[in-house]
Amino acid sequence: MSNTVYSFGGDAPHSDPRQKDKRITGGKGANLAVMAEIGLPVPPGFTIATSECLTYLAGGSDFPPALRDQVAEALRHVERTVGKMLGDVEDPLLVSVRSGAAVSMPGMMDTVLNLGLNDETVEGLARTSGDARFAWDSYRRFVQMYSDVVLGVDHGLFEEALEIAKENAGFYSDTELEADHWRSLVGEYKAIVERELGEPFPQDAHAQLWGAIAAVFDSWDTDRAKIYRRLNDIPHDMGTAVNVQAMVFGNMGDTSATGVAFTRDPSTGEKAYYGEWLVNAQGEDVVAGIRTPQYLTRARRELAGADKPSMEEAMPEAFAELARVFELLEKHYSDMQDIEFTVQQRKLWLLQTRNGKRTAKAALKMAVDMVGEGLIDRRQAILRVDPMALDQLLHPTLDPEAHRDVMTTGLPASPGAASGRIVLDAETAESWAQRGEKVILVRVETSPEDIHGMHAAAGILTARGGMTSHAAVVARGMGRPCVSGASQLSISREGRTLRIGNRELKEGDVITLDGSNGQVMAGEVATIEPELAGDFGTMMEWADEHRRMRVRTNAETEQDCKMARQFGAEGIGLCRTEHMFFDAGRISAVRQMILAEDEAGRRAALAKLLPEQRADFRAIFTVMVGLPCTIRLLDPPLHEFLPQQESEFAELADATGLGVDHLRRRAAELHEFNPMLGHRGCRLGITYPEIYEMQARAIFEAACEVAKESGEAPLPEIMIPLVATRRELEILRTLVDRVADEVFAQLGQRVDYLVGTMIELPRAALMAGQIAQHADFFSFGTNDLTQTTLGVSRDDSARFLGPYVDQGIFPRDPFVSLDIEGVGELVSMAAERGRATRADIKLGICGEHGGDPSSIGFCERVGLDYVSASPYRVPIARLAAAQASLR
């Protein structure tokens, strides 16, 4: 059996390159090995490879003898290095057991600290440390954490016991409790375990170790971890490593501390140390938001107006050593680092480093600054920024001139602004968001179990925790505004109310958060459009230099076209003309056309729509002058336009002079059992050619008018939807060409144009070679191509696609990211067959996948000419297309 356990620290060898491969030892394990190798102060330990996690989960939650032997040998190395033994009652070794996947998943998987304590070893720890309070504080922490993580006992029971103990002693803070208080509390904690489980808390240190290893492996498959992976496109088949490391203690009095630090500001990207620390504490106190921590640097403390000293002031020697480490690690990894550290009796120890989570604004600034500093080049900078993170920058921010009813100010944990209705738990956040409500999740502090509610929320507000708490880190990664540590906030879960200062609010009330300055405001505050210059503009220029594919937009209004051009769109890839028909001033004529019983009736209604359509296209062409504009002729089934309410039938009867009963009968005649696969798309053009004639005429008349006025013609690309056969396209192309000739002759003006089709049916992909005989372009409509290929309705798929993704049936929701194996194969086949018939055929994609970075990567590999995305996703597509070219 090959080695799957790797030691680090002390005299452990680091020659095996697999130890520094994140896919094998996870991000945490690989980086611990690197830090130890370059001589940084890392407590010794060992890493169990990710493959063992997958073996454990697949094999019925058992450990093979070979793994037990390797762990025993690795543990002996730690014991030799530290000079202590696990379970020794005189001078016990304590260890931490932590997860570490290849891709960072902050707070999603489990950790156990202070492992190795029991009723005997705690006495030994008290003697050797000379500090009984520290020993019993560590033991109560271990019992609570192990009982929660490994044994499954509700952690709230321990929190309640702790609060009662503090209340009985007349204390406010945990740090005020003395050794006897902790000893008594440990007894209560153990009694809780025995009451809940029917058996005593485990005392054997080696059994504790294997219980914790199993719990970390099991945490890979928890709901919160699965949701996080699904939201962040992390594969489910990677597994987590386990890192077992000798404990160092930040809770050994006022000369000890713990903290989390970033080498640059993860919110703004500023080149300034950023972080928090706590005296006489352990790391979980910082990241879990149990205590509101202190600032790392004097400058940060003074800026915040805080009283408690910074680490720079209180522990200058340890801070100076930490600053040296910052410079070394950032230079080594050529990226901003997120570092966890402990100071044990004035000595600095490093527990973790990783590339830090950052906001989009910070990611851009860091990437551009690091190019200027010579740390990375432009190609690396382009590849470093997550395209989807740009979404944070593209939406409105709070208007600085707008009135703000500020109720309190917390810590600016994640920038951006959001307004929404207050919700007090993750489940409510998710359910309200699903019905279209914008919500703000308000909690005392968030936990990993809140991940689904945090994703559903527009913003997050917590009463406790600092800027490196769970809420802050996850919110920054998600691009959600977050205000943490709002100490004036108190929540009543029973009454579903909250109080901020002397103001009481209830669940459902609207509040606004400003994550850039920590303000919490009553009501909704007005917003302004973003300013897309500076680092954003620089990155977009670099991206445009390196991408091959063009980027267009999906738009059918003048406003959307202007927005898309501002974001750098190079034309329209999809103009959905049916959206124009739903306008209140036109729907009556549309319904009159649909319900007409003969061609004459339809043409009479279409005559009313022609000037409206022409005005629509004129507005679009004016904005997009000189650029290609793909316009899809009427596509949806007619039932979508028909009256639904009694009042609508009455209005239509007044407009047409026809009776309500007559209109109802006609609507019934048009009813279809499965209209999405029925009388829609080109089938409308075949059966009612006058519809497509009217639209084509409106397009050409508008294009000629704009060309004449501006001196620069748009390039209309007329797209026939839902084609399944060569003959359908042949008939309708002939119709379009005929109308074009008529308009050009009538106006004495010509414009260039193309006619093509949308490939959205499997048969069209298979017959692409024949269809290309009559097509100047193919636009892949991957929304419907996914539906028709998978036999799945996009509107109904949310009910079951979650479990499909969790169980690995689909790697991602196929309506979010293209199904490469199935739908992608059809796209690839159609592109190849289309080019074989017509070498110069233009190929693009216009479904939602046109704004999805991983789908854009596939489009680059297939060699499509362009992608088309919604206006706000145009910059995302530009950056993703550049990354696809570079890769």
# chains A, B, ... in the order shown; residues from 1 in each chain; ligands from 1
$ closest_atom_pairs --of "region 76-115 of chain A" --to "region 231-240 of chain A" --cutoff "10 Å" --atoms "only C-alpha atoms" --output "JSON lines"
{"residue": "A:Arg98", "atom": "CA", "partner": "A:Thr240", "partner_atom": "CA", "distance": 9.8}
{"residue": "A:Ser99", "atom": "CA", "partner": "A:Thr240", "partner_atom": "CA", "distance": 6.2}
{"residue": "A:Gly100", "atom": "CA", "partner": "A:Thr240", "partner_atom": "CA", "distance": 5.5}
{"residue": "A:Ala101", "atom": "CA", "partner": "A:Thr240", "partner_atom": "CA", "distance": 4.2}
{"residue": "A:Ala102", "atom": "CA", "partner": "A:Thr240", "partner_atom": "CA", "distance": 7.1}
{"residue": "A:Val103", "atom": "CA", "partner": "A:Ile234", "partner_atom": "CA", "distance": 7.4}
{"residue": "A:Ser104", "atom": "CA", "partner": "A:Ile234", "partner_atom": "CA", "distance": 9.6}
{"residue": "A:Met105", "atom": "CA", "partner": "A:Asn232", "partner_atom": "CA", "distance": 9.2}
{"residue": "A:Met109", "atom": "CA", "partner": "A:Thr240", "partner_atom": "CA", "distance": 8.8}
$ write_last_selection --atoms "all heavy atoms" --output "PDB file, in the first residue's frame"
ATOM      1  N   ARG A  98      -7.998  18.684  12.374  1.00  0.00           N
ATOM      2  CA  ARG A  98      -8.667  19.672  11.516  1.00  0.00           C
ATOM      3  C   ARG A  98      -8.788  19.147  10.094  1.00  0.00           C
ATOM      4  O   ARG A  98      -7.984  18.351   9.625  1.00  0.00           O
ATOM      5  CB  ARG A  98      -7.885  20.991  11.519  1.00  0.00           C
ATOM      6  CG  ARG A  98      -7.592  21.510  12.904  1.00  0.00           C
ATOM      7  CD  ARG A  98      -6.666  22.721  12.878  1.00  0.00           C
ATOM      8  NE  ARG A  98      -7.372  23.936  12.522  1.00  0.00           N
ATOM      9  CZ  ARG A  98      -6.769  25.070  12.226  1.00  0.00           C
ATOM     10  NH1 ARG A  98      -5.453  25.137  12.209  1.00  0.00           N
ATOM     11  NH2 ARG A  98      -7.470  26.142  11.926  1.00  0.00           N
ATOM     12  N   SER A  99      -9.801  19.637   9.416  1.00  0.00           N
ATOM     13  CA  SER A  99     -10.019  19.262   8.020  1.00  0.00           C
ATOM     14  C   SER A  99      -9.098  20.064   7.112  1.00  0.00           C
ATOM     15  O   SER A  99      -8.411  20.983   7.560  1.00  0.00           O
ATOM     16  CB  SER A  99     -11.475  19.526   7.632  1.00  0.00           C
ATOM     17  OG  SER A  99     -11.745  20.915   7.753  1.00  0.00           O
ATOM     18  N   GLY A 100      -9.128  19.760   5.826  1.00  0.00           N
ATOM     19  CA  GLY A 100      -8.329  20.519   4.865  1.00  0.00           C
ATOM     20  C   GLY A 100      -8.517  19.989   3.468  1.00  0.00           C
ATOM     21  O   GLY A 100      -7.769  19.130   3.014  1.00  0.00           O
ATOM     22  N   ALA A 101      -9.551  20.490   2.776  1.00  0.00           N
ATOM     23  CA  ALA A 101      -9.803  20.048   1.404  1.00  0.00           C
ATOM     24  C   ALA A 101      -8.831  20.739   0.447  1.00  0.00           C
ATOM     25  O   ALA A 101      -8.142  21.696   0.806  1.00  0.00           O
ATOM     26  CB  ALA A 101     -11.243  20.363   1.008  1.00  0.00           C
ATOM     27  N   ALA A 102      -8.803  20.252  -0.799  1.00  0.00           N
ATOM     28  CA  ALA A 102      -7.923  20.848  -1.803  1.00  0.00           C
ATOM     29  C   ALA A 102      -8.320  22.287  -2.096  1.00  0.00           C
ATOM     30  O   ALA A 102      -7.477  23.126  -2.392  1.00  0.00           O
ATOM     31  CB  ALA A 102      -7.954  20.016  -3.085  1.00  0.00           C
ATOM     32  N   VAL A 103      -9.625  22.580  -2.019  1.00  0.00           N
ATOM     33  CA  VAL A 103     -10.142  23.933  -2.213  1.00  0.00           C
ATOM     34  C   VAL A 103     -10.691  24.418  -0.878  1.00  0.00           C
ATOM     35  O   VAL A 103     -11.451  23.707  -0.222  1.00  0.00           O
ATOM     36  CB  VAL A 103     -11.256  23.956  -3.283  1.00  0.00           C
ATOM     37  CG1 VAL A 103     -11.784  25.370  -3.465  1.00  0.00           C
ATOM     38  CG2 VAL A 103     -10.738  23.404  -4.604  1.00  0.00           C
ATOM     39  N   SER A 104     -10.298  25.607  -0.479  1.00  0.00           N
ATOM     40  CA  SER A 104     -10.679  26.126   0.828  1.00  0.00           C
ATOM     41  C   SER A 104     -12.197  26.204   0.981  1.00  0.00           C
ATOM     42  O   SER A 104     -12.896  26.720   0.117  1.00  0.00           O
ATOM     43  CB  SER A 104     -10.071  27.512   1.029  1.00  0.00           C
ATOM     44  OG  SER A 104     -10.479  28.061   2.262  1.00  0.00           O
ATOM     45  N   MET A 105     -12.703  25.683   2.112  1.00  0.00           N
ATOM     46  CA  MET A 105     -14.134  25.719   2.428  1.00  0.00           C
ATOM     47  C   MET A 105     -14.285  26.235   3.859  1.00  0.00           C
ATOM     48  O   MET A 105     -14.598  25.465   4.764  1.00  0.00           O
ATOM     49  CB  MET A 105     -14.749  24.320   2.282  1.00  0.00           C
ATOM     50  CG  MET A 105     -14.686  23.751   0.875  1.00  0.00           C
ATOM     51  SD  MET A 105     -15.170  21.990   0.785  1.00  0.00           S
ATOM     52  CE  MET A 105     -16.793  22.018   1.558  1.00  0.00           C
ATOM     53  N   MET A 109     -16.339  22.364   7.402  1.00  0.00           N
ATOM     54  CA  MET A 109     -16.063  21.029   7.938  1.00  0.00           C
ATOM     55  C   MET A 109     -15.555  21.143   9.367  1.00  0.00           C
ATOM     56  O   MET A 109     -15.345  22.238   9.882  1.00  0.00           O
ATOM     57  CB  MET A 109     -15.077  20.296   7.027  1.00  0.00           C
ATOM     58  CG  MET A 109     -15.717  19.930   5.699  1.00  0.00           C
ATOM     59  SD  MET A 109     -14.601  19.082   4.575  1.00  0.00           S
ATOM     60  CE  MET A 109     -13.434  20.384   4.207  1.00  0.00           C
TER      61      MET A 109
END
$ closest_residue --among "A:Thr630, A:Ser487, A:Ser855, A:Ser885" --to "Leu574 (chain A)" --atoms "only C-alpha atoms"
A:Thr630
$ closest_atom_pairs --of "region 494-608 of chain A" --to "region 259-269 of chain A" --cutoff "12 Å" --atoms "only C-alpha atoms" --output "tab-separated table"
residue	atom	partner	partner_atom	distance
A:Gly515	CA	A:Ser267	CA	9.6
A:Ser516	CA	A:Ser267	CA	8.4
A:Asn517	CA	A:Ser267	CA	11.1
A:Asp535	CA	A:Gly269	CA	10.7
$ write_last_selection --atoms "all heavy atoms" --output "PDB file, in the first residue's frame"
ATOM      1  N   GLY A 515     -22.169  47.449   4.031  1.00  0.00           N
ATOM      2  CA  GLY A 515     -21.033  46.640   4.470  1.00  0.00           C
ATOM      3  C   GLY A 515     -19.706  47.346   4.342  1.00  0.00           C
ATOM      4  O   GLY A 515     -18.686  46.827   4.796  1.00  0.00           O
ATOM      5  N   SER A 516     -19.690  48.524   3.734  1.00  0.00           N
ATOM      6  CA  SER A 516     -18.443  49.270   3.589  1.00  0.00           C
ATOM      7  C   SER A 516     -18.116  50.104   4.822  1.00  0.00           C
ATOM      8  O   SER A 516     -16.958  50.420   5.063  1.00  0.00           O
ATOM      9  CB  SER A 516     -18.518  50.185   2.355  1.00  0.00           C
ATOM     10  OG  SER A 516     -18.761  49.421   1.198  1.00  0.00           O
ATOM     11  N   ASN A 517     -19.144  50.501   5.581  1.00  0.00           N
ATOM     12  CA  ASN A 517     -18.877  51.282   6.790  1.00  0.00           C
ATOM     13  C   ASN A 517     -19.564  50.725   8.037  1.00  0.00           C
ATOM     14  O   ASN A 517     -19.430  51.294   9.115  1.00  0.00           O
ATOM     15  CB  ASN A 517     -19.270  52.747   6.584  1.00  0.00           C
ATOM     16  CG  ASN A 517     -20.756  52.929   6.277  1.00  0.00           C
ATOM     17  OD1 ASN A 517     -21.570  52.035   6.527  1.00  0.00           O
ATOM     18  ND2 ASN A 517     -21.120  54.084   5.733  1.00  0.00           N
ATOM     19  N   ASP A 535      -9.172  50.039 -11.410  1.00  0.00           N
ATOM     20  CA  ASP A 535      -8.677  48.665 -11.533  1.00  0.00           C
ATOM     21  C   ASP A 535      -9.593  47.815 -12.410  1.00  0.00           C
ATOM     22  O   ASP A 535      -9.117  46.944 -13.147  1.00  0.00           O
ATOM     23  CB  ASP A 535      -8.549  48.028 -10.144  1.00  0.00           C
ATOM     24  CG  ASP A 535      -7.524  48.745  -9.280  1.00  0.00           C
ATOM     25  OD1 ASP A 535      -6.512  49.217  -9.836  1.00  0.00           O
ATOM     26  OD2 ASP A 535      -7.747  48.854  -8.061  1.00  0.00           O
TER      27      ASP A 535
END
$ select_by_dssp --residues "region 79-174 of chain A" --states "strand (DSSP E or B)" --output "PyMOL selection string"
chain A and resi 85-86+92-93+95-101+111-115
$ write_last_selection --atoms "C-alpha atoms" --output "JSON list (two decimals), in the first residue's frame"
[["chain", "number", "residue", "atom", "x", "y", "z"],
["A", 85, "MET", "CA", 2.98, 11.48, 24.69],
["A", 86, "LEU", "CA", -0.71, 11.35, 23.87],
["A", 92, "PRO", "CA", 0.21, 14.88, 28.10],
["A", 93, "LEU", "CA", 0.49, 15.71, 24.41],
["A", 95, "VAL", "CA", -3.42, 17.69, 19.48],
["A", 96, "SER", "CA", -5.82, 19.46, 17.14],
["A", 97, "VAL", "CA", -7.65, 17.51, 14.46],
["A", 98, "ARG", "CA", -8.67, 19.67, 11.52],
["A", 99, "SER", "CA", -10.02, 19.26, 8.02],
["A", 100, "GLY", "CA", -8.33, 20.52, 4.86],
["A", 101, "ALA", "CA", -9.80, 20.05, 1.40],
["A", 111, "THR", "CA", -12.37, 20.70, 13.88],
["A", 112, "VAL", "CA", -11.51, 19.32, 17.31],
["A", 113, "LEU", "CA", -9.02, 21.13, 19.58],
["A", 114, "ASN", "CA", -7.33, 20.09, 22.85],
["A", 115, "LEU", "CA", -7.75, 16.39, 22.06]]
$ atom_distance --atom1 "CA of Ala830 (chain A)" --atom2 "CA of Phe778 (chain A)"
8.9 Å
$ residues_around --residues "Ile820 (chain A)" --least-positions-apart "2" --cutoff "12 Å" --atoms "only C-alpha atoms" --output "compact mmCIF listing (two decimals) with N, CA, C and O atoms, in the first residue's frame"
# COMPACT_ATOMS: atom_id res chain seq x y z
N THR A 782 -28.94 27.18 -25.63
CA THR A 782 -28.68 26.04 -24.74
C THR A 782 -29.69 25.91 -23.61
O THR A 782 -29.72 24.88 -22.95
N THR A 786 -30.87 22.19 -23.58
CA THR A 786 -30.72 21.40 -22.35
C THR A 786 -32.04 20.74 -21.98
O THR A 786 -32.09 19.55 -21.62
N THR A 789 -32.80 17.95 -24.58
CA THR A 789 -31.84 16.84 -24.53
C THR A 789 -32.02 16.00 -23.28
O THR A 789 -32.01 14.76 -23.34
N PHE A 810 -25.28 14.89 -11.76
CA PHE A 810 -24.78 16.02 -12.55
C PHE A 810 -23.74 16.74 -11.70
O PHE A 810 -23.95 16.93 -10.49
N PRO A 811 -22.63 17.17 -12.30
CA PRO A 811 -21.64 17.91 -11.50
C PRO A 811 -22.16 19.25 -11.03
O PRO A 811 -21.77 19.74 -9.97
N ARG A 812 -23.02 19.88 -11.86
CA ARG A 812 -23.66 21.15 -11.49
C ARG A 812 -25.05 21.16 -12.08
O ARG A 812 -25.38 20.34 -12.94
N ASP A 813 -25.86 22.10 -11.63
CA ASP A 813 -27.17 22.31 -12.24
C ASP A 813 -26.96 22.57 -13.73
O ASP A 813 -26.30 23.54 -14.12
N PRO A 814 -27.49 21.70 -14.61
CA PRO A 814 -27.22 21.85 -16.05
C PRO A 814 -27.83 23.09 -16.67
O PRO A 814 -27.49 23.44 -17.81
N PHE A 815 -28.72 23.78 -15.95
CA PHE A 815 -29.26 25.03 -16.46
C PHE A 815 -28.40 26.22 -16.03
O PHE A 815 -28.56 27.32 -16.53
N VAL A 816 -27.48 25.98 -15.11
CA VAL A 816 -26.54 27.01 -14.68
C VAL A 816 -25.22 26.87 -15.43
O VAL A 816 -24.64 27.84 -15.91
N SER A 817 -24.74 25.64 -15.51
CA SER A 817 -23.48 25.36 -16.20
C SER A 817 -23.72 24.23 -17.19
O SER A 817 -24.33 23.22 -16.86
N LEU A 818 -23.25 24.41 -18.41
CA LEU A 818 -23.57 23.51 -19.51
C LEU A 818 -23.20 22.06 -19.20
O LEU A 818 -22.12 21.78 -18.67
N GLY A 822 -23.25 15.75 -22.43
CA GLY A 822 -24.42 15.49 -23.26
C GLY A 822 -24.74 16.64 -24.19
O GLY A 822 -24.53 16.57 -25.41
N VAL A 823 -25.22 17.74 -23.64
CA VAL A 823 -25.58 18.90 -24.44
C VAL A 823 -24.34 19.45 -25.15
O VAL A 823 -24.39 19.82 -26.33
N GLY A 824 -23.22 19.47 -24.45
CA GLY A 824 -21.99 19.96 -25.05
C GLY A 824 -21.57 19.14 -26.25
O GLY A 824 -21.05 19.68 -27.24
N GLU A 825 -21.80 17.85 -26.20
CA GLU A 825 -21.45 16.99 -27.34
C GLU A 825 -22.31 17.34 -28.55
O GLU A 825 -21.83 17.33 -29.70
N LEU A 826 -23.58 17.67 -28.32
CA LEU A 826 -24.45 18.09 -29.43
C LEU A 826 -23.97 19.42 -30.02
O LEU A 826 -23.98 19.60 -31.24
N VAL A 827 -23.56 20.35 -29.16
CA VAL A 827 -23.05 21.63 -29.65
C VAL A 827 -21.80 21.41 -30.49
O VAL A 827 -21.65 21.97 -31.59
N SER A 828 -20.90 20.59 -29.98
CA SER A 828 -19.65 20.32 -30.69
C SER A 828 -19.92 19.66 -32.04
O SER A 828 -19.33 20.03 -33.07
N HIS A 849 -26.06 30.05 -20.34
CA HIS A 849 -24.70 29.55 -20.23
C HIS A 849 -23.68 30.53 -20.82
O HIS A 849 -22.48 30.41 -20.53
N SER A 854 -17.45 28.51 -16.67
CA SER A 854 -17.05 27.17 -17.09
C SER A 854 -17.64 26.81 -18.45
O SER A 854 -16.99 26.15 -19.27
N SER A 855 -18.86 27.27 -18.73
CA SER A 855 -19.46 27.04 -20.04
C SER A 855 -18.71 27.82 -21.13
O SER A 855 -18.55 27.34 -22.25
N ILE A 856 -18.26 29.03 -20.78
CA ILE A 856 -17.49 29.83 -21.73
C ILE A 856 -16.18 29.13 -22.07
O ILE A 856 -15.73 29.17 -23.23
N GLY A 857 -15.58 28.47 -21.09
CA GLY A 857 -14.38 27.69 -21.37
C GLY A 857 -14.64 26.61 -22.40
O GLY A 857 -13.82 26.37 -23.30
N PHE A 858 -15.79 25.96 -22.31
CA PHE A 858 -16.16 24.95 -23.30
C PHE A 858 -16.34 25.60 -24.68
O PHE A 858 -15.90 25.06 -25.70
N CYS A 859 -17.00 26.76 -24.72
CA CYS A 859 -17.21 27.45 -26.00
C CYS A 859 -15.88 27.78 -26.68
O CYS A 859 -15.77 27.71 -27.91
N ARG A 861 -13.11 26.03 -26.35
CA ARG A 861 -12.54 24.76 -26.85
C ARG A 861 -13.21 24.33 -28.15
O ARG A 861 -12.57 23.77 -29.03
N VAL A 862 -14.52 24.58 -28.27
CA VAL A 862 -15.26 24.21 -29.47
C VAL A 862 -14.96 25.18 -30.62
O VAL A 862 -15.13 24.84 -31.79
